[in-house]
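Chemist: So here's query-v8.csv (CSV, C-alpha atoms and all ligand atoms).
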chain,number,residue,atom,x,y,z
A,261,MET,CA,99.0,214.6,83.7
A,262,ILE,CA,98.3,210.9,83.0
A,263,GLY,CA,95.9,209.9,80.2
A,264,VAL,CA,93.9,206.7,80.3
A,265,LEU,CA,92.0,205.3,77.2
A,266,GLY,CA,89.3,202.9,78.2
A,267,GLY,CA,88.7,200.1,75.7
A,268,THR,CA,85.7,197.8,75.1
A,269,GLY,CA,83.7,197.3,78.4
A,270,PHE,CA,85.6,200.1,80.1
A,271,TYR,CA,83.7,203.4,79.8
A,272,SER,CA,84.5,205.3,83.0
A,273,LEU,CA,87.3,205.5,85.5
A,274,LEU,CA,86.7,208.2,88.0
A,275,GLY,CA,83.3,208.7,89.7
A,276,ASP,CA,83.8,212.4,90.5
A,277,ALA,CA,85.5,213.4,87.3
A,278,GLU,CA,85.1,216.9,85.9
A,279,LYS,CA,83.7,216.5,82.3
A,280,LYS,CA,85.3,218.5,79.6
A,281,GLU,CA,84.3,218.7,75.9
A,282,ILE,CA,87.4,219.3,73.8
A,283,GLU,CA,87.2,220.3,70.2
A,284,THR,CA,90.3,219.7,68.1
A,285,PRO,CA,91.3,220.3,64.4
A,286,PHE,CA,90.5,216.6,64.0
A,287,GLY,CA,87.0,216.9,65.4
A,288,LYS,CA,85.7,215.8,68.8
A,289,THR,CA,87.2,213.2,71.0
A,290,SER,CA,85.4,209.8,71.3
A,291,SER,CA,83.9,210.8,74.6
A,292,HIS,CA,84.1,213.8,76.9
A,293,VAL,CA,87.4,214.0,78.7
A,294,GLY,CA,86.9,213.1,82.4
A,295,ILE,CA,89.5,214.9,84.6
A,296,GLY,CA,90.2,213.9,88.2
A,297,LYS,CA,92.8,212.7,90.5
A,298,ILE,CA,94.3,209.3,91.4
A,299,HIS,CA,96.8,209.2,94.4
A,300,GLY,CA,97.0,213.0,94.1
A,301,LYS,CA,98.0,212.9,90.4
A,302,ASP,CA,96.0,214.5,87.6
A,303,VAL,CA,94.4,212.0,85.4
A,304,ALA,CA,92.4,212.4,82.2
A,305,PHE,CA,90.1,209.7,80.9
A,306,ILE,CA,88.6,209.1,77.4
A,307,ALA,CA,86.4,206.1,76.5
A,308,ARG,CA,88.0,205.0,73.2
A,309,HIS,CA,84.8,203.7,71.7
A,310,GLY,CA,82.6,206.4,73.2
A,311,GLU,CA,80.5,206.2,76.4
A,312,LYS,CA,77.8,204.2,74.7
A,313,HIS,CA,80.3,202.3,72.5
A,314,GLU,CA,79.2,204.1,69.4
A,315,TYR,CA,82.6,204.2,67.5
A,316,PRO,CA,83.7,201.0,65.9
A,317,PRO,CA,87.5,200.5,65.7
A,318,HIS,CA,87.8,201.9,62.1
A,319,LYS,CA,85.8,205.1,63.0
A,320,ILE,CA,87.5,206.0,66.3
A,321,PRO,CA,88.8,209.6,66.1
A,322,TYR,CA,92.3,208.6,67.0
A,323,LYS,CA,93.9,211.9,66.0
A,324,ALA,CA,91.4,213.9,68.0
A,325,ASN,CA,91.9,211.8,71.1
A,326,MET,CA,95.7,212.1,71.0
A,327,PHE,CA,95.6,215.8,70.1
A,328,ALA,CA,93.3,216.5,73.0
A,329,PHE,CA,95.5,214.6,75.5
A,330,LYS,CA,98.6,216.6,74.4
A,331,GLU,CA,96.7,219.9,74.6
A,332,ILE,CA,95.7,219.4,78.2
A,333,GLY,CA,99.2,218.4,79.2
A,334,VAL,CA,99.2,214.6,79.2
A,335,THR,CA,102.7,213.1,79.3
A,336,HIS,CA,101.9,209.4,79.9
A,337,ILE,CA,99.1,207.3,78.4
A,338,ILE,CA,97.9,203.9,79.8
A,339,ALA,CA,95.7,202.3,77.2
A,340,PRO,CA,93.9,199.1,78.1
A,341,ALA,CA,92.3,197.0,75.3
A,342,ALA,CA,90.6,193.7,74.7
A,343,VAL,CA,92.6,191.3,72.5
A,344,GLY,CA,92.4,187.8,71.1
A,345,SER,CA,95.2,185.2,71.7
A,346,LEU,CA,97.1,183.6,68.9
A,347,LYS,CA,98.9,181.1,71.2
A,348,ARG,CA,97.5,178.4,73.4
A,349,GLU,CA,99.6,179.4,76.4
A,350,ILE,CA,98.2,183.0,76.3
A,351,LYS,CA,94.8,182.2,77.8
A,352,PRO,CA,91.5,184.2,78.2
A,353,GLY,CA,91.7,186.2,81.4
A,354,ASP,CA,95.5,186.7,81.0
A,355,PHE,CA,97.1,190.1,80.7
A,356,LEU,CA,99.9,191.0,78.2
A,357,VAL,CA,102.0,194.1,77.9
A,358,PRO,CA,103.0,194.3,74.3
A,359,ASP,CA,106.4,195.6,73.2
A,360,GLN,CA,105.8,195.4,69.4
A,361,PHE,CA,103.0,195.8,66.9
A,362,VAL,CA,102.4,194.7,63.3
A,363,ASN,CA,100.0,197.0,61.4
A,364,PHE,CA,97.4,195.5,59.1
A,365,THR,CA,95.0,198.4,59.2
A,366,ARG,CA,94.6,201.1,56.5
A,367,ARG,CA,94.1,204.3,58.4
A,368,GLU,CA,95.5,207.8,58.6
A,369,ASP,CA,98.4,207.4,60.9
A,370,THR,CA,100.3,210.6,61.1
A,371,PHE,CA,99.9,214.3,62.2
A,372,TYR,CA,102.5,215.2,59.6
A,373,ASP,CA,101.0,215.3,56.1
A,374,GLY,CA,103.4,218.1,55.0
A,375,PRO,CA,104.8,220.6,54.5
A,376,GLU,CA,106.5,219.7,57.8
A,377,ILE,CA,107.9,216.2,57.3
A,378,VAL,CA,108.5,213.7,60.1
A,379,HIS,CA,109.9,210.1,59.8
A,380,MET,CA,109.3,208.8,63.3
A,381,GLY,CA,111.4,205.9,64.5
A,382,SER,CA,109.2,203.0,65.7
A,383,THR,CA,111.9,200.4,66.7
A,384,GLU,CA,110.5,200.5,70.2
A,385,PRO,CA,107.0,201.9,69.8
A,386,TYR,CA,105.8,201.3,73.4
A,387,CYS,CA,107.4,203.3,76.2
A,388,PRO,CA,109.9,201.0,78.0
A,389,ASP,CA,109.7,202.8,81.3
A,390,LEU,CA,105.9,202.9,81.4
A,391,ARG,CA,105.7,199.2,80.4
A,392,ARG,CA,108.2,198.3,83.2
A,393,ILE,CA,105.9,200.0,85.8
A,394,ILE,CA,102.8,198.2,84.6
A,395,ILE,CA,104.6,194.8,84.5
A,396,GLN,CA,106.0,195.2,88.0
A,397,GLU,CA,102.6,196.2,89.4
A,398,GLY,CA,100.8,193.4,87.6
A,399,VAL,CA,103.3,190.8,88.7
A,400,SER,CA,103.3,192.0,92.3
A,401,ALA,CA,99.5,191.8,92.4
A,402,GLY,CA,99.7,188.2,91.3
A,403,TYR,CA,98.0,188.7,87.9
A,404,PRO,CA,98.6,186.1,85.1
A,405,LEU,CA,100.7,188.5,83.0
A,406,HIS,CA,102.9,188.1,79.9
A,407,PRO,CA,105.6,190.8,80.1
A,408,LYS,CA,106.0,191.2,76.3
A,409,GLY,CA,104.6,190.2,73.0
A,410,THR,CA,103.6,191.3,69.5
A,411,VAL,CA,100.1,192.5,68.7
A,412,VAL,CA,98.9,192.3,65.2
A,413,VAL,CA,96.4,195.1,64.5
A,414,ILE,CA,93.6,194.4,62.0
A,415,GLN,CA,91.3,196.9,60.4
A,416,GLY,CA,88.0,195.3,61.7
A,417,PRO,CA,85.2,195.6,62.5
A,418,ARG,CA,85.0,191.9,61.4
A,419,PHE,CA,87.0,189.2,63.1
A,420,SER,CA,89.7,187.2,61.2
A,421,SER,CA,89.1,184.4,58.7
A,422,HIS,CA,90.6,181.0,59.6
A,423,ALA,CA,93.3,181.5,57.0
A,424,GLU,CA,94.2,185.0,58.2
A,425,SER,CA,94.4,183.9,61.8
A,426,GLY,CA,96.5,180.9,60.6
A,427,PHE,CA,98.9,183.3,58.8
A,428,PHE,CA,99.3,185.5,62.0
A,429,ARG,CA,100.0,182.3,64.1
A,430,SER,CA,102.6,181.1,61.5
A,431,GLN,CA,104.5,184.4,62.0
A,432,ASN,CA,104.7,183.7,65.8
A,433,TRP,CA,102.8,186.8,66.7
A,434,ASP,CA,101.1,186.7,70.1
A,435,ILE,CA,97.8,188.6,70.2
A,436,ILE,CA,95.4,190.3,67.8
A,437,ASN,CA,93.5,193.6,68.2
A,438,MET,CA,91.7,196.4,66.2
A,439,THR,CA,92.7,199.6,68.0
A,440,GLN,CA,96.4,199.6,68.9
A,441,TYR,CA,97.3,201.2,65.5
A,442,PRO,CA,97.6,204.1,64.9
A,443,GLU,CA,97.0,205.1,68.5
A,444,VAL,CA,100.5,204.1,69.7
A,445,MET,CA,102.3,206.0,67.0
A,446,LEU,CA,100.2,209.1,67.2
A,447,ALA,CA,101.1,209.3,70.9
A,448,ARG,CA,104.8,209.0,69.9
A,449,GLU,CA,104.5,211.8,67.4
A,450,LYS,CA,103.1,213.9,70.2
A,451,GLU,CA,106.1,212.8,72.4
A,452,MET,CA,103.8,211.2,75.0
A,453,CYS,CA,104.8,207.9,76.7
A,454,TYR,CA,102.3,205.2,75.7
A,455,ALA,CA,101.8,201.6,77.1
A,456,ASN,CA,99.0,199.1,76.5
A,457,ILE,CA,97.5,196.7,78.9
A,458,SER,CA,96.0,193.9,76.8
A,459,LEU,CA,93.3,191.7,78.4
A,460,VAL,CA,92.9,188.4,76.5
A,461,THR,CA,89.2,187.6,75.9
A,462,ASP,CA,89.3,184.8,73.4
A,463,TYR,CA,91.4,182.5,71.1
A,464,ASP,CA,90.5,184.4,67.8
A,465,THR,CA,89.4,181.7,65.4
A,466,GLY,CA,90.2,178.9,67.8
A,467,VAL,CA,93.2,176.7,68.7
A,468,LYS,CA,94.9,174.5,66.0
A,469,ASP,CA,93.8,170.8,66.2
A,470,ASP,CA,91.6,171.5,69.2
A,471,PRO,CA,87.9,171.5,68.1
A,472,ASP,CA,86.8,172.1,71.7
A,473,VAL,CA,88.1,175.7,71.6
A,474,LEU,CA,85.4,177.7,69.8
A,475,PRO,CA,86.0,180.8,67.7
A,476,VAL,CA,85.6,184.3,69.2
A,477,SER,CA,82.1,185.4,70.1
A,478,ILE,CA,81.0,188.8,71.4
A,479,GLU,CA,79.3,187.0,74.3
A,480,ASP,CA,82.6,185.5,75.5
A,481,VAL,CA,84.5,188.8,75.0
A,482,MET,CA,82.0,190.7,77.1
A,483,ARG,CA,81.9,188.1,79.9
A,484,ILE,CA,85.7,188.1,80.3
A,485,LEU,CA,85.8,191.9,80.2
A,486,LYS,CA,83.2,192.1,82.9
A,487,GLU,CA,85.0,189.6,85.1
A,488,ASN,CA,88.3,191.5,84.7
A,489,ASN,CA,87.3,195.2,84.6
A,490,GLU,CA,88.0,195.8,88.3
A,491,LYS,CA,91.4,194.1,88.0
A,492,THR,CA,92.3,196.3,85.1
A,493,LYS,CA,91.3,199.4,87.0
A,494,LYS,CA,93.3,198.4,90.1
A,495,LEU,CA,96.4,197.8,87.9
A,496,ILE,CA,96.0,201.3,86.4
A,497,PHE,CA,95.6,202.9,89.9
A,498,ASN,CA,98.7,201.2,91.2
A,499,ALA,CA,100.7,202.1,88.1
A,500,VAL,CA,99.7,205.7,88.3
A,501,ARG,CA,101.2,205.9,91.8
A,502,LYS,CA,104.6,204.9,90.3
A,503,ILE,CA,104.7,207.2,87.3
A,504,SER,CA,107.4,210.0,87.6
A,505,GLU,CA,107.3,213.4,86.0
A,506,ASN,CA,110.9,213.1,85.0
A,507,ARG,CA,111.3,211.2,81.7
A,508,SER,CA,114.5,209.8,80.3
A,509,CYS,CA,112.9,207.5,77.8
A,510,VAL,CA,112.9,207.8,74.0
A,511,CYS,CA,109.4,209.2,73.9
A,512,ALA,CA,110.1,212.5,75.6
A,513,LYS,CA,112.3,213.7,72.7
A,514,ALA,CA,111.0,211.6,69.9
A,515,LEU,CA,110.7,214.5,67.4
A,516,ASP,CA,114.4,215.6,67.8
A,517,ASP,CA,115.7,213.1,65.4
A,518,ALA,CA,112.6,212.6,63.3
A,519,LYS,CA,112.1,215.9,61.6
A,520,LEU,CA,113.4,216.3,58.1
A,601,ZN,ZN,108.4,207.1,77.5
As structure tokens - that is how I would like this structure written.
Modeler:
Amino acid sequence: MIGVLGGTGFYSLLGDAEKKEIETPFGKTSSHVGIGKIHGKDVAFIARHGEKHEYPPHKIPYKANMFAFKEIGVTHIIAPAAVGSLKREIKPGDFLVPDQFVNFTRREDTFYDGPEIVHMGSTEPYCPDLRRIIIQEGVSAGYPLHPKGTVVVIQGPRFSSHAESGFFRSQNWDIINMTQYPEVMLAREKEMCYANISLVTDYDTGVKDDPDVLPVSIEDVMRILKENNEKTKKLIFNAVRKISENRSCVCAKALDDAKL
């Protein structure tokens, strides 16, 4: 089964989905789980922020969402999200498929609090095979797509200060977001393949030395998301078609070398 986590502005995927309420040891998932089919494949959908966008980034039940996906047999997760750009050449309306993250959140980020101990490797946190599929589909559809990049994940819900954003830029990081962490690593702990489709909605606090580029506003974010929602869905539908049940990536056996 393939899991899809809808981000801001993306609250449903399948019109005729069967709605399931799933209770986990970590509470309820952010939304009901919508189960249906895309190109004959089983797909499960969760709205990351809830169907009415009632969960801010720091209150999302990340563990419940990932636990539920694993419970119902999800092996691959496609997780779109809205991001800000930290570089002039990464423009609003562009897509980016990150290969690295930097964590600036303070959140619970493991299923292993003892007595069972796991030190999960995170050298390559995003599934390389799933990323490749998304990149190929995006490029062949003619989308403005950056095939890699580093996402810095902040706690939120507030946006960055000018100084914070300047620091992130000085590190040569590419985009900024509030939900990629711990989602990506919780998926890895459950041995599920995980890839993110970042949709750039703004320039964070602006562009250095260009006063014409205004800092991020909710209005701009929602406008760009609305304009690109169908494109994101189309990319997901095309990617689902290419996903194979056989996995030879690092994710499938991630726990083998991680348990103490
Ligand atoms: Zn994988």
Chemist: Name the closest residue to Thr492 in chain A among the candidates A:Thr410, A:Ser421, A:Ser382, A:Asn456; distances are taken between atoms, counting all atoms listed in the file.
Modeler: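 Of all the options, A:Asn456 lies closest to Thr492 in chain A.
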Chemist: Check every protein, DNA and RNA residue against ligand ZN 601 (chain A), keep those with an atom at most 9 Å away (counting all atoms listed in the file), and present them as a PyMOL selection string.
Modeler: chain A and resi 335-336+386-391+448+451-455+507-512
Chemist: Counting only C-alpha atoms, what is within 6 Å of range 298-309 of chain A, bar same-chain residues fewer than 6 positions away, as a list in words?
Modeler: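 So the residues in contact are Met261, Ile262, Gly263, Val264, Leu265, Gly266, Gly267, Tyr271, Ser290, Ser291 and Tyr315 of chain A.
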Chemist: Which value, in Å to one decimal, gives the distance between CA of Ile435 in chain A and CA of Gly344 in chain A?
Modeler: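 These two atoms are separated by 5.5 Å.
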Chemist: Using only C-alpha atoms, can you tell me which of A:Leu520, A:Asp462, A:Ser272, A:Gly416 comes closest to Met380 in chain A?
Modeler: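 Closest residue, counting only C-alpha atoms: A:Leu520.
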Chemist: Got a sec to check which residues sit within 12 Å of (96.3, 209.6, 59.7), counting all atoms listed in the file, and write them as a list in words?
Modeler: Phe286, His318, Lys319, Ile320, Pro321, Tyr322, Lys323, Ala324, Met326, Thr365, Arg366, Arg367, Glu368, Asp369, Thr370, Phe371, Tyr372, Asp373, Tyr441, Pro442, Glu443, Met445, Leu446 and Glu449 of chain A
Chemist: Give me the residues within 12 Å of Ile457 in chain A as a count of residues only, counting only C-alpha atoms and dropping any in the same chain fewer than 3 places off.
Modeler: 44
Chemist: Using all atoms listed in the file, pick whichever of A:Phe361, A:Trp433, A:Phe329, A:Phe428 has the shortest atom-to-atom distance to His292 in chain A.
Modeler: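 Ranked by minimum distance to His292 in chain A, first place goes to A:Phe329.
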Chemist: Distance CA of Pro475 in chain A-CA of Tyr463 in chain A, one decimal place?
Modeler: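 Between CA of Pro475 in chain A and CA of Tyr463 in chain A the gap works out to 6.6 Å.
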Chemist: Give me, please, the distance in Å between CA of Leu274 in chain A and CA of Ile295 in chain A, quoted to one decimal.
Modeler: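 Those two atoms sit 8.0 Å apart.
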Chemist: Between A:Ile478, A:Lys468, A:Asn498, A:Pro352, which has the minimum distance to Ala401 in chain A (counting all atoms listed in the file)?
Modeler: A:Asn498
Chemist: Neighbouring residues of Ile484 in chain A were defined as those with any atom within 7 Å, considering only C-alpha atoms; residues of the same chain fewer than 3 positions away were excluded. Please report them as an MDAnalysis selection string.
Modeler: chainID A and resid 353 461 480:481 487:488
